[in-house]
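Okay, structure first, notes after.
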Amino acid sequence: MVSTLVFAQENLEYNSFSPGSIWNDTDGSHINAHGGGFYYEDGTYYWYGEHKDSHSLANVGVRVYKSKDLYNWENCGVALAVSNDPNSEITKGSVIERPKVVYNRNTDKYILWFHLELKDQGYAAARTGVAIGDSPLGPFTYIKSFRPNAGVWPQNFSEEQKNFNSEESKYEWWTQEWSEALEDGLYTRRDFEGGQMSRDMTVFVDDDGKAYHIRSSEENQTLHIALLTDDYLDFTDTWVRVQPGGQNEAPAVFKSGDYYYMITSGLTGWDPNAARSFRSKSMLGPWESLGNPAKGKGANLTFNSQSTYVLSVQGLKDAHIFMADRWNPKNHQDGRYVWLPIKISDGKPVINWINQWNIKDEFLNNF
Ligand code: GAL
């Protein structure tokens with residue numbers, strides 16, 4: 001099927017991507033939607049992201065843009081607004097990161113999941129939050145935030161691991177003993193009752209309608225993948241630990257052929273590091289490690305960026321776009337977007353730097 005969306009519209013400003021450059025919306029302001037998530041419906045793409053001021057705290061909320069061609073984006077306002085109520089969990093000055101919107105066909109609702117840190121607590125809360133809306137543009141209504149899967153063991157945890165008696169205070173961080181203990185489930189057990197930590201995250205909806213929440217957990221040392229309930233508003237008891245002790249964050253998932261692919265980063269805060277990639281025949285694993293998908297000059301820092309999403313272009317086969325943030329912690333609203341084509345080669349995702357590119361030329365053979 002040939003998609004009309006891939007042809008740039010002539011009278012609009014952009015007809016290509018320039019990764020890392022200032023990217024103006026249709027009003028002429030640099031797009032302010034960091035740590036973004038994407039949703040497609042009826043010929044329109046929606047881009048949700050963190051509205052940043054010069055600093056990184058949420059003073060506005062989750063912003064939404066729309067586009068028909070992926071190059072030219074119209075600012076559609078605030079999809080989820082922070083609250084002026086100081087007692088609200090999403091009060092102004094909290095941390096709202098990596099918003100991801102999915103549509104639930106059972107309830108005809110739009111569900112927004114995000115990473116929430118409570119105001120004035122740094123990154124200690126490590127919660128995921130959820131909001132609901134009637135339209136892709138929102139407004140979304142905040143429901144709740146929590147640490148997921150409280151009182152539930154992961155599927156890939158042995159009886160021995162469940163019963164092992166380990167004291168967190170016994171271990172000094174970054175020692176060999178500590179890394180063995182955490183791989184064995186030190187923090188999974190510690191957080192069993194109160195719920196598992198949830199920081200960087202994404203949501204992936206499979207072809208069968210099942211939705212998965214992927215979180216950086218266990219002090220960011222281990223990824224967790226959890227099946228959401230049928231209405232996508234909560235967690236089921238089905239979840240797994242992935243790459244225990246692997247130190248992955250910024251997860252982005254897509255599907256190609258028989259495989260699910262995941263791209264992540266390592267843990268260096270706002271600073272870039274080398275991306276990682278994985279594949280699996282099932283969202284619940286086992287996930288096989290494939291190394292850094294970025295190739296060539298700049299690959300060791302993922303072209304100075306950190307993953308946030310992989311968008312599969314509608315109407316094309318295997319036209320996947322790696323979407324990443326080039327953070328600017330000195331002035332967060334100036335953070336840039338690095339979008340690059342992903343090619344699957346020998347069953348592995350490959351990302352090369354291109355100064356300027358367009359969907360038609362890069363994915364021409366994929367019609
Ligand atoms: C990064 C993470 C960002 C943000 C930042 C805060 O590692 O990917 O989403 O949380 O840390 O320092």
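Going by the structure tokens order, chains are called A, B, ..., each with residues numbered from 1, while ligands are numbered from 1 in the order shown.
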**Asked** In stretch 103-179 of chain A, what's strand (DSSP E or B) per DSSP? Answer as a PyMOL selection string?
**Response** chain A and resi 103-104+109-117+127-133+141-146
Writing out the chosen residues with C-alpha atoms as an mmCIF file, in the first residue's frame:
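Once everything was written out, this is out_24.cif:
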```
data_model
loop_
_atom_site.group_PDB
_atom_site.id
_atom_site.type_symbol
_atom_site.label_atom_id
_atom_site.label_comp_id
_atom_site.auth_asym_id
_atom_site.auth_seq_id
_atom_site.Cartn_x
_atom_site.Cartn_y
_atom_site.Cartn_z
ATOM 1 C CA TYR A 103 -5.660 4.063 22.023
ATOM 2 C CA ASN A 104 -7.833 1.447 23.668
ATOM 3 C CA LYS A 109 -10.359 5.997 25.210
ATOM 4 C CA TYR A 110 -6.868 7.424 24.796
ATOM 5 C CA ILE A 111 -4.508 6.444 27.576
ATOM 6 C CA LEU A 112 -1.429 8.447 28.494
ATOM 7 C CA TRP A 113 1.308 6.791 30.570
ATOM 8 C CA PHE A 114 4.327 8.704 31.820
ATOM 9 C CA HIS A 115 7.138 8.750 34.353
ATOM 10 C CA LEU A 116 6.286 10.814 37.418
ATOM 11 C CA GLU A 117 8.525 12.148 40.142
ATOM 12 C CA ARG A 127 6.453 6.128 39.805
ATOM 13 C CA THR A 128 4.474 5.675 36.664
ATOM 14 C CA GLY A 129 1.381 7.822 36.139
ATOM 15 C CA VAL A 130 -1.676 7.382 33.959
ATOM 16 C CA ALA A 131 -4.251 9.766 32.483
ATOM 17 C CA ILE A 132 -7.248 9.261 30.190
ATOM 18 C CA GLY A 133 -8.782 11.263 27.351
ATOM 19 C CA THR A 141 -7.524 13.698 32.935
ATOM 20 C CA TYR A 142 -5.010 12.495 35.475
ATOM 21 C CA ILE A 143 -6.001 9.267 37.221
ATOM 22 C CA LYS A 144 -3.192 8.084 39.502
ATOM 23 C CA SER A 145 0.476 7.244 39.918
ATOM 24 C CA PHE A 146 2.128 4.341 41.668
#
```
Per residue of chain A within 6 Å of ligand 1, what are the shortest atom pair and its distance in Å to one decimal, counting only C-alpha atoms and all ligand atoms, with rows by chain and residue number, as a tab-separated table?
```
residue	atom	partner	partner_atom_place_in_ligand_line	distance
A:Asp200	CA	ligand 1	9 (O)	5.6
A:Ala250	CA	ligand 1	8 (O)	5.2
A:Leu267	CA	ligand 1	7 (O)	5.5
A:Thr268	CA	ligand 1	7 (O)	5.7
A:Gly269	CA	ligand 1	7 (O)	3.4
A:Trp270	CA	ligand 1	1 (C)	5.1
```
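A straight line drawn from atom CA of A:Pro148 to atom CA of A:Asp234 is 8.6 Å long.
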For stretch 263-354 of chain A against stretch 36-51 of chain A, with a cut-off of 9 Å and counting only C-alpha atoms, what is the closest atom pair and its distance in Å to one decimal for every residue that makes the cut, ordered by chain and number, as JSON lines?
```
{"residue": "A:Thr308", "atom": "CA", "partner": "A:Gly36", "partner_atom": "CA", "distance": 6.0}
{"residue": "A:Tyr309", "atom": "CA", "partner": "A:Gly37", "partner_atom": "CA", "distance": 6.1}
{"residue": "A:Val310", "atom": "CA", "partner": "A:Phe38", "partner_atom": "CA", "distance": 8.6}
{"residue": "A:Leu311", "atom": "CA", "partner": "A:Phe38", "partner_atom": "CA", "distance": 7.0}
{"residue": "A:Gln314", "atom": "CA", "partner": "A:Tyr40", "partner_atom": "CA", "distance": 8.1}
{"residue": "A:Met323", "atom": "CA", "partner": "A:Gly36", "partner_atom": "CA", "distance": 8.2}
{"residue": "A:Ala324", "atom": "CA", "partner": "A:Gly36", "partner_atom": "CA", "distance": 8.2}
{"residue": "A:Asp325", "atom": "CA", "partner": "A:Gly36", "partner_atom": "CA", "distance": 8.3}
{"residue": "A:Gln333", "atom": "CA", "partner": "A:His51", "partner_atom": "CA", "distance": 7.6}
```
**Prompt:** Quick one: of A:Phe235, A:Phe204, A:Tyr71, A:Trp287, who's nearest to A:Phe254, counting only C-alpha atoms?
**Reply:**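 Looking at the shortest contact to A:Phe254, the residue is A:Phe204.
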**Asked** Pick from A:Tyr14, A:Ile22, A:Tyr259, A:Ala181: nearest to A:Ser67, with only C-alpha atoms counted?
**Response**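 Of all the options, A:Tyr14 lies closest to A:Ser67.
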